[in-house]
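J.: So that you have it, the file is target.cif, and it contains mmCIF, C-alpha atoms:
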data_data
#
loop_
_atom_site.label_atom_id
_atom_site.label_comp_id
_atom_site.auth_asym_id
_atom_site.auth_seq_id
_atom_site.Cartn_x
_atom_site.Cartn_y
_atom_site.Cartn_z
CA MET A 1 -14.28 -20.22 -15.11
CA SER A 2 -11.67 -22.88 -14.49
CA HIS A 3 -10.78 -22.64 -10.83
CA GLY A 4 -7.73 -24.87 -11.04
CA VAL A 5 -5.94 -23.26 -13.99
CA GLU A 6 -7.10 -19.80 -15.03
CA GLU A 7 -8.53 -18.27 -11.86
CA VAL A 8 -7.80 -18.03 -8.15
CA PRO A 9 -9.15 -21.06 -6.26
CA LEU A 10 -12.27 -20.36 -4.24
CA THR A 11 -10.72 -21.52 -0.96
CA LEU A 12 -7.21 -21.85 0.45
CA GLU A 13 -7.30 -25.56 -0.17
CA GLY A 14 -6.93 -25.05 -3.93
CA GLU A 15 -3.54 -24.71 -5.63
CA ALA A 16 -2.58 -21.23 -6.84
CA PRO A 17 -2.20 -21.09 -10.67
CA LYS A 18 1.06 -19.56 -11.93
CA THR A 19 -0.20 -17.54 -14.87
CA LEU A 20 1.14 -13.98 -14.39
CA GLY A 21 4.30 -12.88 -16.21
CA VAL A 22 6.41 -9.77 -15.68
CA LEU A 23 4.18 -7.69 -18.00
CA ASP A 24 1.08 -8.69 -16.05
CA GLN A 25 2.71 -7.78 -12.75
CA GLY A 26 4.22 -4.60 -14.17
CA ALA A 27 0.86 -3.46 -15.53
CA LEU A 28 -0.90 -4.23 -12.25
CA TRP A 29 1.61 -2.33 -10.13
CA ALA A 30 1.95 0.56 -12.57
CA ASN A 31 -1.79 1.03 -12.40
CA LEU A 32 -1.71 0.80 -8.60
CA GLY A 33 1.02 3.44 -8.57
CA VAL A 34 -1.21 5.94 -10.38
CA SER A 35 -3.79 7.00 -7.82
CA LEU A 36 -6.25 9.85 -7.46
CA LEU A 37 -5.30 9.78 -3.78
CA GLY A 38 -1.73 10.34 -4.95
CA PHE A 39 -2.79 13.49 -6.78
CA SER A 40 -4.71 14.85 -3.81
CA GLY A 41 -1.98 13.61 -1.46
CA ALA A 42 0.54 15.93 -3.12
CA LEU A 43 -0.54 18.44 -0.49
CA LEU A 44 0.83 16.16 2.23
CA LEU A 45 3.99 15.60 0.22
CA LEU A 46 4.63 19.32 -0.16
CA ASP A 47 3.98 20.11 3.52
CA PRO A 48 3.97 16.90 5.61
CA LEU A 49 4.48 18.79 8.90
CA GLY A 50 1.81 21.37 8.20
CA ASN A 51 4.15 24.29 8.86
CA ALA A 52 7.30 23.79 6.75
CA PRO A 53 6.59 23.55 2.99
CA LEU A 54 9.20 21.84 0.86
CA THR A 55 10.91 23.29 -2.16
CA LEU A 56 9.92 21.72 -5.47
CA ALA A 57 13.30 19.99 -5.68
CA ALA A 58 12.96 18.57 -2.15
CA ALA A 59 9.46 17.26 -2.88
CA LEU A 60 10.53 15.54 -6.10
CA VAL A 61 13.66 14.03 -4.52
CA ALA A 62 11.58 12.78 -1.58
CA THR A 63 9.22 11.18 -4.10
CA VAL A 64 12.01 9.29 -5.85
CA VAL A 65 13.83 8.24 -2.65
CA GLY A 66 10.68 7.21 -0.82
CA SER A 67 9.32 5.31 -3.82
CA LEU A 68 12.54 3.33 -4.35
CA ILE A 69 12.78 2.38 -0.67
CA GLY A 70 9.10 1.52 -0.35
CA THR A 71 8.79 -0.46 -3.57
CA ALA A 72 11.94 -2.44 -2.77
CA MET A 73 10.21 -3.53 0.44
CA VAL A 74 7.06 -4.43 -1.48
CA GLY A 75 9.03 -6.32 -4.13
CA LEU A 76 10.94 -8.37 -1.56
CA SER A 77 7.73 -9.18 0.32
CA ALA A 78 6.28 -10.53 -2.94
CA ILE A 79 8.99 -13.16 -3.48
CA PRO A 80 7.98 -15.56 -0.65
CA GLY A 81 4.45 -15.55 -2.09
CA THR A 82 5.76 -16.69 -5.47
CA ARG A 83 7.90 -19.42 -3.93
CA THR A 84 5.24 -20.83 -1.61
CA GLY A 85 2.07 -20.03 -3.55
CA LYS A 86 0.52 -18.66 -0.35
CA PRO A 87 -1.27 -15.33 0.26
CA ALA A 88 0.45 -12.68 2.37
CA MET A 89 -1.26 -13.30 5.70
CA VAL A 90 -0.91 -17.08 5.36
CA LEU A 91 2.83 -16.51 4.88
CA LEU A 92 2.89 -14.93 8.32
CA ARG A 93 2.11 -18.32 9.80
CA GLY A 94 5.72 -19.16 9.00
CA LEU A 95 6.93 -16.02 10.76
CA PHE A 96 4.72 -15.91 13.86
CA GLY A 97 2.91 -19.26 13.90
CA ALA A 98 -0.69 -19.81 12.85
CA ARG A 99 -2.41 -18.40 15.96
CA ILE A 100 -0.23 -15.29 16.30
CA SER A 101 -0.57 -14.59 12.56
CA TYR A 102 -4.20 -13.73 13.30
CA VAL A 103 -3.02 -10.49 14.97
CA PRO A 104 -1.42 -8.91 11.87
CA THR A 105 -4.20 -10.46 9.80
CA VAL A 106 -6.86 -8.53 11.71
CA LEU A 107 -4.76 -5.35 11.49
CA ASN A 108 -4.43 -5.86 7.75
CA ILE A 109 -8.17 -6.41 7.35
CA ILE A 110 -8.80 -3.12 9.15
CA GLN A 111 -6.28 -1.17 7.06
CA MET A 112 -7.44 -2.71 3.76
CA ILE A 113 -11.09 -1.95 4.47
CA GLY A 114 -9.98 1.60 5.32
CA TRP A 115 -8.06 1.83 2.05
CA GLY A 116 -11.03 0.43 0.14
CA ALA A 117 -13.34 3.07 1.63
CA PHE A 118 -10.82 5.83 0.86
CA GLU A 119 -10.64 4.62 -2.74
CA LEU A 120 -14.42 4.59 -3.21
CA TRP A 121 -14.49 8.09 -1.72
CA VAL A 122 -11.87 9.41 -4.13
CA ILE A 123 -13.46 7.66 -7.14
CA ALA A 124 -16.78 9.31 -6.32
CA LYS A 125 -15.11 12.71 -5.84
CA GLY A 126 -13.20 12.31 -9.11
CA ALA A 127 -16.33 11.35 -11.01
CA GLY A 128 -18.11 14.27 -9.35
CA ALA A 129 -15.48 16.66 -10.75
CA ILE A 130 -16.51 15.51 -14.24
CA PHE A 131 -20.26 15.16 -13.60
CA PRO A 132 -21.01 17.54 -10.70
CA SER A 133 -24.80 17.10 -11.04
CA VAL A 134 -24.67 13.41 -10.09
CA PRO A 135 -24.86 12.84 -6.30
CA TYR A 136 -21.76 11.54 -4.50
CA GLN A 137 -23.70 8.54 -3.16
CA VAL A 138 -24.52 7.32 -6.67
CA TRP A 139 -20.84 7.22 -7.66
CA VAL A 140 -19.94 5.37 -4.44
CA LEU A 141 -22.53 2.69 -5.24
CA VAL A 142 -21.41 2.37 -8.87
CA ALA A 143 -17.73 2.12 -7.86
CA GLY A 144 -18.57 -0.42 -5.15
CA VAL A 145 -20.47 -2.69 -7.53
CA LEU A 146 -17.68 -2.55 -10.14
CA THR A 147 -15.03 -3.18 -7.49
CA THR A 148 -16.83 -6.23 -6.14
CA ALA A 149 -17.30 -7.65 -9.65
CA LEU A 150 -13.56 -7.36 -10.35
CA THR A 151 -12.70 -9.29 -7.17
CA VAL A 152 -14.76 -12.28 -8.34
CA TRP A 153 -12.37 -12.74 -11.31
CA PRO A 154 -9.07 -11.29 -9.99
CA LEU A 155 -6.62 -12.87 -12.47
CA GLY A 156 -8.89 -12.01 -15.37
CA SER A 157 -9.04 -8.44 -14.07
CA ILE A 158 -5.23 -8.20 -14.04
CA ARG A 159 -5.02 -9.44 -17.62
CA LEU A 160 -7.67 -6.87 -18.58
CA LEU A 161 -5.53 -4.14 -17.00
CA ARG A 162 -2.47 -5.19 -18.99
CA ARG A 163 -4.21 -5.44 -22.34
CA TYR A 164 -6.40 -2.36 -22.33
CA VAL A 165 -6.37 -0.06 -19.31
CA THR A 166 -2.61 0.52 -19.00
CA VAL A 167 -2.35 2.03 -22.48
CA GLY A 168 -5.15 4.50 -21.71
CA VAL A 169 -3.51 5.46 -18.42
CA ILE A 170 -0.14 6.12 -20.08
CA VAL A 171 -1.74 8.32 -22.74
CA ALA A 172 -3.71 10.24 -20.10
CA MET A 173 -0.63 10.80 -17.92
CA VAL A 174 1.43 12.06 -20.87
CA TRP A 175 -1.44 14.34 -21.91
CA PHE A 176 -1.69 15.96 -18.47
CA THR A 177 2.09 16.22 -18.13
CA VAL A 178 2.35 18.27 -21.33
CA PHE A 179 -0.24 20.80 -20.21
CA PHE A 180 0.86 20.97 -16.56
CA LEU A 181 4.50 21.58 -17.39
CA ARG A 182 3.43 24.30 -19.80
CA ASP A 183 0.84 26.07 -17.65
CA ALA A 184 1.62 25.40 -13.98
CA PRO A 185 3.82 27.84 -12.06
CA SER A 186 6.65 26.10 -10.25
CA PRO A 187 6.08 26.13 -6.49
CA GLU A 188 8.30 28.85 -5.04
CA GLY A 189 10.06 29.12 -1.70
CA GLY A 190 10.13 26.38 0.88
CA SER A 191 12.98 24.46 2.47
CA TRP A 192 14.32 20.94 3.03
CA THR A 193 13.35 20.93 6.72
CA ALA A 194 10.47 18.46 6.29
CA PHE A 195 12.34 16.21 3.83
CA PRO A 196 12.53 13.17 6.21
CA ALA A 197 8.79 13.44 6.92
CA ALA A 198 8.07 13.66 3.19
CA VAL A 199 10.13 10.52 2.57
CA ASP A 200 8.19 8.81 5.38
CA TYR A 201 4.95 9.78 3.66
CA VAL A 202 6.04 8.40 0.27
CA ILE A 203 7.40 5.20 1.83
CA ALA A 204 4.08 4.75 3.63
CA LEU A 205 2.22 5.16 0.33
CA SER A 206 4.29 2.31 -1.12
CA VAL A 207 4.68 0.08 1.90
CA SER A 208 0.95 0.01 2.55
CA TRP A 209 0.98 -2.62 -0.23
CA VAL A 210 3.46 -4.89 1.60
CA PRO A 211 0.69 -6.84 3.39
CA MET A 212 -0.95 -7.71 0.05
CA ALA A 213 1.96 -8.12 -2.39
CA ALA A 214 2.07 -11.90 -2.03
CA ASP A 215 -1.68 -12.13 -2.70
CA PHE A 216 -0.89 -11.42 -6.36
CA ALA A 217 2.74 -12.55 -6.52
CA ARG A 218 1.74 -16.11 -5.62
CA HIS A 219 0.34 -16.32 -9.16
CA SER A 220 3.60 -15.14 -10.78
CA ARG A 221 5.63 -17.47 -12.94
CA SER A 222 8.79 -16.48 -11.04
CA GLY A 223 9.98 -14.42 -8.11
CA ARG A 224 12.00 -12.27 -10.51
CA ALA A 225 8.85 -11.43 -12.50
CA ALA A 226 7.05 -10.42 -9.32
CA PHE A 227 9.92 -8.29 -7.98
CA THR A 228 10.62 -6.59 -11.33
CA GLY A 229 6.93 -5.88 -11.90
CA VAL A 230 6.51 -4.32 -8.47
CA VAL A 231 9.66 -2.18 -8.39
CA GLY A 232 9.64 -1.14 -12.04
CA GLY A 233 5.92 -0.58 -12.52
CA TYR A 234 5.06 0.98 -9.18
CA THR A 235 8.12 3.23 -8.83
CA LEU A 236 7.76 4.85 -12.25
CA ALA A 237 4.02 5.31 -11.86
CA GLN A 238 4.13 6.71 -8.32
CA VAL A 239 6.87 9.21 -9.15
CA ALA A 240 4.87 10.39 -12.18
CA CYS A 241 1.65 10.51 -10.17
CA LEU A 242 3.03 12.55 -7.27
CA GLY A 243 4.95 14.80 -9.66
CA LEU A 244 1.75 15.60 -11.54
CA GLY A 245 0.03 16.17 -8.21
CA VAL A 246 2.62 18.78 -7.22
CA TYR A 247 1.96 20.75 -10.39
CA ALA A 248 -1.80 20.30 -10.04
CA VAL A 249 -1.57 21.84 -6.55
CA ALA A 250 0.31 24.78 -8.03
CA LEU A 251 -2.47 25.24 -10.59
CA ALA A 252 -5.34 24.72 -8.16
CA GLY A 253 -4.33 27.17 -5.43
CA ALA A 254 -1.62 29.61 -4.48
CA ASP A 255 0.98 28.04 -2.20
CA GLY A 256 -1.08 24.85 -2.08
CA VAL A 257 -3.82 26.41 0.06
CA LEU A 258 -6.94 24.72 -1.31
CA ALA A 259 -10.56 24.42 -0.24
CA ASP A 260 -10.06 20.67 0.25
CA GLN A 261 -7.90 17.88 -1.10
CA THR A 262 -10.21 17.18 -4.04
CA SER A 263 -9.72 20.74 -5.33
CA VAL A 264 -6.61 19.36 -6.99
CA PHE A 265 -8.87 17.52 -9.48
CA GLY A 266 -10.01 20.81 -11.03
CA PRO A 267 -6.88 21.41 -13.15
CA PHE A 268 -7.16 17.91 -14.64
CA VAL A 269 -10.70 18.50 -15.87
CA ALA A 270 -9.85 22.03 -17.06
CA VAL A 271 -7.25 21.11 -19.71
CA PRO A 272 -8.40 20.39 -23.28
CA LEU A 273 -10.09 16.96 -23.37
CA GLY A 274 -9.39 16.86 -19.63
CA ALA A 275 -12.76 15.35 -18.75
CA LEU A 276 -12.12 12.43 -21.12
CA PHE A 277 -8.61 11.65 -19.91
CA PHE A 278 -9.42 12.26 -16.26
CA GLY A 279 -12.39 9.93 -16.71
CA ILE A 280 -9.93 7.22 -17.76
CA LEU A 281 -7.97 7.76 -14.53
CA VAL A 282 -11.17 7.72 -12.46
CA LEU A 283 -12.30 4.45 -14.05
CA ARG A 284 -8.82 3.00 -13.57
CA GLU A 285 -8.97 3.86 -9.87
CA THR A 286 -11.23 0.86 -9.41
CA ASP A 287 -8.13 -1.34 -9.62
CA GLN A 288 -7.04 0.22 -6.32
CA SER A 289 -10.33 -0.56 -4.62
CA PHE A 290 -10.31 -4.00 -6.26
CA ALA A 291 -6.83 -4.76 -4.91
CA ASN A 292 -7.85 -3.71 -1.41
CA VAL A 293 -11.09 -5.69 -1.35
CA TYR A 294 -9.38 -8.75 -2.83
CA SER A 295 -6.54 -8.56 -0.29
CA THR A 296 -9.07 -8.26 2.52
CA THR A 297 -10.68 -11.42 1.18
CA MET A 298 -7.36 -13.25 1.16
CA SER A 299 -6.69 -12.07 4.72
CA LEU A 300 -10.07 -13.33 5.90
CA GLN A 301 -9.29 -16.70 4.32
CA ASN A 302 -6.34 -16.99 6.70
CA LEU A 303 -8.96 -16.95 9.46
CA MET A 304 -11.60 -18.91 7.49
CA PRO A 305 -9.66 -21.01 4.95
CA ARG A 306 -12.64 -22.99 3.66
CA VAL A 307 -15.07 -20.12 3.04
CA ASP A 308 -15.74 -19.27 -0.62
CA ARG A 309 -13.82 -16.08 -1.48
CA ARG A 310 -16.77 -14.81 -3.58
CA ILE A 311 -18.95 -14.67 -0.49
CA LEU A 312 -16.24 -12.84 1.45
CA SER A 313 -15.60 -10.37 -1.40
CA THR A 314 -19.28 -9.49 -1.67
CA ALA A 315 -19.57 -8.91 2.08
CA ILE A 316 -16.43 -6.75 2.13
CA GLY A 317 -17.66 -4.79 -0.87
CA VAL A 318 -20.85 -3.93 0.98
CA VAL A 319 -18.92 -2.86 4.11
CA THR A 320 -16.56 -0.59 2.17
CA VAL A 321 -19.48 1.07 0.39
CA VAL A 322 -21.20 1.79 3.70
CA ILE A 323 -17.99 3.27 5.17
CA ALA A 324 -17.30 5.32 2.03
CA LEU A 325 -20.70 6.95 2.30
CA PHE A 326 -19.56 8.47 5.61
CA ALA A 327 -15.75 8.59 5.14
CA ASP A 328 -13.64 11.45 6.51
CA VAL A 329 -10.54 11.64 4.34
CA ASN A 330 -9.00 14.35 6.51
CA SER A 331 -7.45 11.52 8.55
CA TYR A 332 -5.69 10.19 5.43
CA GLY A 333 -2.19 11.33 6.45
CA VAL A 334 -2.57 9.94 9.97
CA PHE A 335 -3.85 6.68 8.50
CA LEU A 336 -0.70 6.36 6.37
CA GLY A 337 1.52 7.02 9.38
CA VAL A 338 -0.10 4.24 11.37
CA ILE A 339 0.22 1.85 8.42
CA GLY A 340 3.92 2.59 8.13
CA ALA A 341 4.55 2.14 11.85
CA VAL A 342 2.83 -1.26 11.91
CA PHE A 343 3.86 -2.86 8.65
CA VAL A 344 7.37 -1.48 7.91
CA PRO A 345 8.88 -3.18 11.01
CA MET A 346 6.87 -6.34 10.33
CA PHE A 347 8.28 -6.48 6.81
CA ALA A 348 11.82 -6.08 8.18
CA VAL A 349 11.28 -9.01 10.57
CA LEU A 350 9.90 -11.15 7.72
CA ALA A 351 12.71 -10.23 5.32
CA VAL A 352 15.53 -11.03 7.76
CA ASP A 353 13.94 -14.24 9.00
CA TYR A 354 12.96 -15.54 5.54
CA PHE A 355 15.90 -14.44 3.39
CA VAL A 356 18.81 -14.32 5.86
CA LEU A 357 18.19 -16.69 8.76
CA ARG A 358 16.17 -19.46 7.11
CA ARG A 359 16.86 -18.73 3.44
CA GLY A 360 13.32 -19.72 2.53
CA GLU A 361 13.62 -23.21 4.04
CA GLY A 362 11.31 -24.72 6.64
CA TRP A 363 8.67 -22.01 6.24
CA ASN A 364 5.65 -23.61 7.90
CA THR A 365 2.34 -22.21 6.59
CA ALA A 366 0.15 -25.01 7.94
CA GLU A 367 -2.97 -24.28 9.99
CA ASP A 368 -1.21 -25.77 13.04
CA ALA A 369 2.13 -23.97 12.60
CA PRO A 370 3.61 -23.55 16.11
CA SER A 371 3.71 -20.10 17.70
CA ARG A 372 6.97 -18.14 17.50
CA TRP A 373 6.55 -15.59 20.27
CA SER A 374 10.12 -14.35 19.94
CA MET A 375 9.30 -12.71 16.60
CA LEU A 376 6.91 -10.33 18.32
CA VAL A 377 9.86 -8.69 20.10
CA PRO A 378 11.58 -7.16 17.04
CA TRP A 379 8.20 -6.17 15.60
CA ALA A 380 7.26 -4.32 18.79
CA LEU A 381 10.69 -2.67 19.11
CA GLY A 382 10.57 -1.63 15.46
CA PHE A 383 7.13 -0.11 16.04
CA ALA A 384 8.51 1.90 18.95
CA ALA A 385 11.59 2.94 16.96
CA TYR A 386 9.33 4.23 14.18
CA TRP A 387 7.56 6.63 16.53
CA LEU A 388 10.77 7.66 18.26
CA THR A 389 12.39 8.70 14.98
CA THR A 390 9.51 9.95 12.81
CA SER A 391 8.70 13.64 12.60
CA THR A 392 5.28 13.14 10.98
CA PRO A 393 2.46 14.48 13.20
CA THR A 394 -0.62 12.35 13.92
CA PHE A 395 -2.94 12.88 16.89
CA PRO A 396 -1.82 15.41 19.54
CA GLN A 397 -2.22 12.91 22.40
CA TRP A 398 -0.29 10.19 20.57
CA ASP A 399 2.51 12.57 19.57
CA ALA A 400 2.72 13.87 23.17
CA LEU A 401 3.06 10.28 24.42
CA TRP A 402 6.12 9.66 22.26
CA THR A 403 7.59 13.05 23.14
CA GLY A 404 7.42 11.93 26.76
CA VAL A 405 9.06 8.59 25.93
CA ARG A 406 11.92 10.39 24.15
CA GLU A 407 12.44 12.67 27.15
CA ALA A 408 12.39 9.72 29.57
CA LEU A 409 15.00 7.91 27.47
CA GLY A 410 17.08 11.02 26.91
CA PHE A 411 16.70 10.46 23.17
CA VAL A 412 16.99 13.51 20.93
CA ARG A 413 15.43 13.07 17.49
CA GLN A 414 17.72 14.51 14.81
CA PRO A 415 16.34 16.37 11.76
CA TRP A 416 17.73 13.73 9.38
CA MET A 417 15.95 10.83 11.11
CA ASN A 418 13.25 8.92 9.27
CA GLY A 419 10.59 6.79 10.94
CA ALA A 420 10.30 4.10 8.29
CA LEU A 421 14.05 3.52 8.10
CA GLY A 422 14.44 3.74 11.89
CA GLY A 423 11.69 1.19 12.49
CA ALA A 424 12.95 -1.16 9.78
CA LEU A 425 16.58 -0.99 10.94
CA VAL A 426 15.77 -1.74 14.60
CA ALA A 427 13.38 -4.56 13.70
CA ALA A 428 15.90 -6.11 11.30
CA LEU A 429 18.84 -5.97 13.72
CA VAL A 430 16.84 -7.40 16.65
CA THR A 431 15.48 -10.20 14.43
CA LEU A 432 19.01 -11.05 13.33
CA LEU A 433 20.24 -11.04 16.94
CA ILE A 434 17.41 -13.31 18.13
CA GLY A 435 17.99 -15.67 15.23
CA LEU A 436 21.73 -15.94 15.93
CA ILE A 437 21.08 -16.56 19.65
CA GLN A 438 18.56 -19.30 18.85
CA ARG A 439 20.94 -20.88 16.35
CA SER A 440 23.76 -20.84 18.90
CA ARG A 441 21.59 -22.51 21.53
CA ALA A 442 20.48 -25.16 19.05
CA ALA A 443 24.10 -25.88 18.16
CA ARG A 444 25.07 -26.36 21.82
CA ARG A 445 22.29 -28.92 22.26
#
Please rewrite the model in this file as C-alpha cells.
T.:
Amino acid sequence: MSHGVEEVPLTLEGEAPKTLGVLDQGALWANLGVSLLGFSGALLLLDPLGNAPLTLAAALVATVVGSLIGTAMVGLSAIPGTRTGKPAMVLLRGLFGARISYVPTVLNIIQMIGWGAFELWVIAKGAGAIFPSVPYQVWVLVAGVLTTALTVWPLGSIRLLRRYVTVGVIVAMVWFTVFFLRDAPSPEGGSWTAFPAAVDYVIALSVSWVPMAADFARHSRSGRAAFTGVVGGYTLAQVACLGLGVYAVALAGADGVLADQTSVFGPFVAVPLGALFFGILVLRETDQSFANVYSTTMSLQNLMPRVDRRILSTAIGVVTVVIALFADVNSYGVFLGVIGAVFVPMFAVLAVDYFVLRRGEGWNTAEDAPSRWSMLVPWALGFAAYWLTTSTPTFPQWDALWTGVREALGFVRQPWMNGALGGALVAALVTLLIGLIQRSRAARR
C-alpha cells in the first residue's frame, strides 16, 4: 500500500491524496443513503410524535424536503475539506481554535461510536432475518471484523463500492420497489400535523454525516465533485430507501404497529429471491459502519495526530462490537434528535464563517490555532433555538425543561416550526452579526 499516493496517510502529518472523482463520491454517498436503519426508521418517519401518523403524501414530501435540506448541509460541509485537505474535526480548529475544537471532537467521537454500534446491531438483525438459526452475537462479530478491515484501506474500500457494490444495490432496490408497489397497501388516513417533526427526523438522518463529510471529501479532486457526489448520491438513495421503508411498514403490520423495528425486514425476505437481494443490502450496510469507525478514527487523530490510524481503527472496532452486543435501538429516534441539535447549529456557524465572513481565507488548522471563544455563542444559541422550535419528543424530563423555558420566555411554538431550520437560522444570523462587529472593530483600529 502506498501511503503517499493511493491510500490515506497513517497520521495527520501525511498529505491527503486527491484520488476520488465525482463517481467515487457519488457511489459512496448513494450507498450511505441506503440504510437498513432507514427501512426500520420508516416507523419514525410515519409517526415522529408517536400520536399523529402522517398521510403517505406527507411522509414522502417530508422525505424529499428533509433530504434536500440535510444533504445540502452535508455537501457544503464537504467543500472546506477538499480545499484544505484536512479531516472534519481538524477543520474545526479554524472555527473554534485547536483547544476548543476538542469539545465537538469528543461529541463527534461519542455520536460516531453510537452510530457504529447501531449499524452493527442492524446488520446482525438483517442477517438474522435471512439466517434465523445463527445467533445475533455471531453476526455482530462478523460485521465488526469486516468493518474494521475496511477502515484499514478506506480509499480502496470506496473504489470497491463504486465498481461492484453500487450496481448490486441498485438492482436490489429496483427489485424490491417492483414487488412493494404491486403488493403493499397504501397507508391510509393520517394528517400533516407531524410534518415539521418528520422533516426534522429526515434532516437529522442526513445531517448526522456533517461531522464526517470532510473526512472523505479531503480526498476529492475538486469541491464540485464532493458536493455533487454528496447531494446527488445521498438524496436519491435516501428518498428511495425511506420510500421503500414506508411500503415495507404497510406490508409488515397494519397501521405500522409492529412487534419491533426489525419486523420491517420480513417483507424484504418474503418476496421472490428476497433473501438474495436483501443479503446484498445487509452486506452493503458495512459501508455505514465502516464510515462511522473511520470518521471516529479521524476525529481521534485531531486529539492524537501522530498515532497510527490502523491502531485507532482496530480499537474503535472492538469498542463498537462490545456496545452492539448490548445495544438498545429503542433510543434511536432520541439519538437522532440530539445529533441534530448539536451539529446542525455547528454547521451553520462553520458555513457562515468559512464561506461568507472569511471566504475560505486564513483558515488556521494548526495544532496551536488560537482559541475563538466568540464562535461558541452562536453554536450555543442555535442549540437552544433547536429545542425551542422542535416538536420531536425525546426524554420526558428534557422536553419538560424546554417547555418551561418557552413559558418563561413567553415563546409559543407554532405548528409549522422546525427545529433543524430554527437552530441553523439562529446560529447563522448570530455568527454573521459577531463577524460584522469584529470586522467593524478591526477597521476602527
J.: Find the residues around A:Ala420 up to 8 Å (all atoms listed in the file counted), leave out those fewer than 2 positions away in its own chain, and share them as a list in words.
T.: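 The residues that qualify are Asp200, Ile203, Ala204, Gly340, Ala341, Val344, Pro345, Tyr386, Thr390, Asn418, Gly422, Gly423 and Ala424 of chain A.
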J.: Please evaluate the PyMOL selection byres ((chain A and resi 267) around 9) against the displayed coordinates and give the resulting residues as a PyMOL selection string.
T.: chain A and resi 180+248-249+251-252+263-266+268-271+274
J.: When you draw a straight line from atom CA of A:Ser35 to atom CA of A:Ala237, how long is it in Å?
T.: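 Separation of atom CA of A:Ser35 and atom CA of A:Ala237: 9.0 Å.
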J.: Which residue out of A:Arg439, A:Arg310, A:Arg93, A:Arg413 has the minimum interatomic distance to A:Leu357 when only C-alpha atoms are used?
T.: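 Closest to A:Leu357, using only C-alpha atoms: A:Arg439.
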J.: Return as a ChimeraX atom specification the set of residues that the PyMOL selection byres ((chain A and resi 118) around 9) yields on the displayed structure.
T.: /A:37,113-117,119-123,289,320,323-324,327-329,332
J.: Considering only C-alpha atoms, can you say which of A:Val167, A:Val142, A:Ile316, A:Leu388 comes closest to A:Gln414?
T.: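 For A:Gln414, the nearest of the candidates is A:Leu388.
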J.: For A:Glu361, work out the shell of residues within 12 Å, counting all atoms listed in the file and skipping chain neighbours fewer than 6 positions away, then give it as a PyMOL selection string.
T.: chain A and resi 80+83-84+94-95+353-355
J.: Got time to write the residues from that selection, C-alpha atoms, as a compact mmCIF listing (two decimals), keeping the file's coordinate frame?
T.:
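selection06.txt, freshly written:
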# COMPACT_ATOMS: atom_id res chain seq x y z
CA PRO A 80 7.98 -15.56 -0.65
CA ARG A 83 7.90 -19.42 -3.93
CA THR A 84 5.24 -20.83 -1.61
CA GLY A 94 5.72 -19.16 9.00
CA LEU A 95 6.93 -16.02 10.76
CA ASP A 353 13.94 -14.24 9.00
CA TYR A 354 12.96 -15.54 5.54
CA PHE A 355 15.90 -14.44 3.39
J.: Counting all atoms listed in the file, figure out which residue out of A:Gly41, A:Gly144, A:Gly362, A:Pro135 gets nearest to A:Val321.
T.: A:Gly144
J.: Just so the selection is clear, what residues does the PyMOL selection byres ((chain A and resi 210) around 10) cover here, as a ChimeraX atom specification?
T.: /A:70-78,88,204,206-209,211-215,340,343-344,346-347
J.: Rank nothing, just name the residue among A:Gly85, A:Gly229, A:Gly97, A:Gly14 nearest to A:Met375, using all atoms listed in the file.
T.: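 Smallest separation from A:Met375 among the options: A:Gly97.
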J.: Using Å and a single decimal, report how far atom CA of A:Thr151 sits from atom CA of A:Leu303.
T.: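 If I compute the distance from atom CA of A:Leu303 to atom CA of A:Thr151, I get 18.7 Å.
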J.: With N, CA and C atoms as the goal, would you fill in the gaps in stretch 282-293 of chain A and present it as a compact mmCIF listing (two decimals), in the coordinates of the input?
T.:
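Saved file result-v5.txt follows:
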# COMPACT_ATOMS: atom_id res chain seq x y z
N VAL A 282 -10.15 8.03 -13.46
CA VAL A 282 -11.17 7.72 -12.46
C VAL A 282 -11.63 6.27 -12.60
N LEU A 283 -11.88 5.84 -13.83
CA LEU A 283 -12.30 4.45 -14.05
C LEU A 283 -11.20 3.49 -13.63
N ARG A 284 -9.95 3.86 -13.93
CA ARG A 284 -8.82 3.00 -13.57
C ARG A 284 -8.65 2.88 -12.06
N GLU A 285 -9.12 3.89 -11.33
CA GLU A 285 -8.97 3.86 -9.87
C GLU A 285 -9.64 2.65 -9.24
N THR A 286 -10.57 2.05 -9.97
CA THR A 286 -11.23 0.86 -9.41
C THR A 286 -10.26 -0.29 -9.21
N ASP A 287 -9.08 -0.27 -9.89
CA ASP A 287 -8.13 -1.34 -9.62
C ASP A 287 -7.54 -1.20 -8.22
N GLN A 288 -7.49 0.02 -7.70
CA GLN A 288 -7.04 0.22 -6.32
C GLN A 288 -8.05 -0.37 -5.34
N SER A 289 -9.31 -0.02 -5.52
CA SER A 289 -10.33 -0.56 -4.62
C SER A 289 -10.45 -2.07 -4.79
N PHE A 290 -10.30 -2.55 -6.01
CA PHE A 290 -10.31 -4.00 -6.26
C PHE A 290 -9.19 -4.70 -5.50
N ALA A 291 -7.97 -4.14 -5.59
CA ALA A 291 -6.83 -4.76 -4.91
C ALA A 291 -7.04 -4.81 -3.41
N ASN A 292 -7.62 -3.75 -2.86
CA ASN A 292 -7.85 -3.71 -1.41
C ASN A 292 -8.92 -4.70 -0.97
N VAL A 293 -10.02 -4.76 -1.71
CA VAL A 293 -11.09 -5.69 -1.35
C VAL A 293 -10.61 -7.13 -1.52
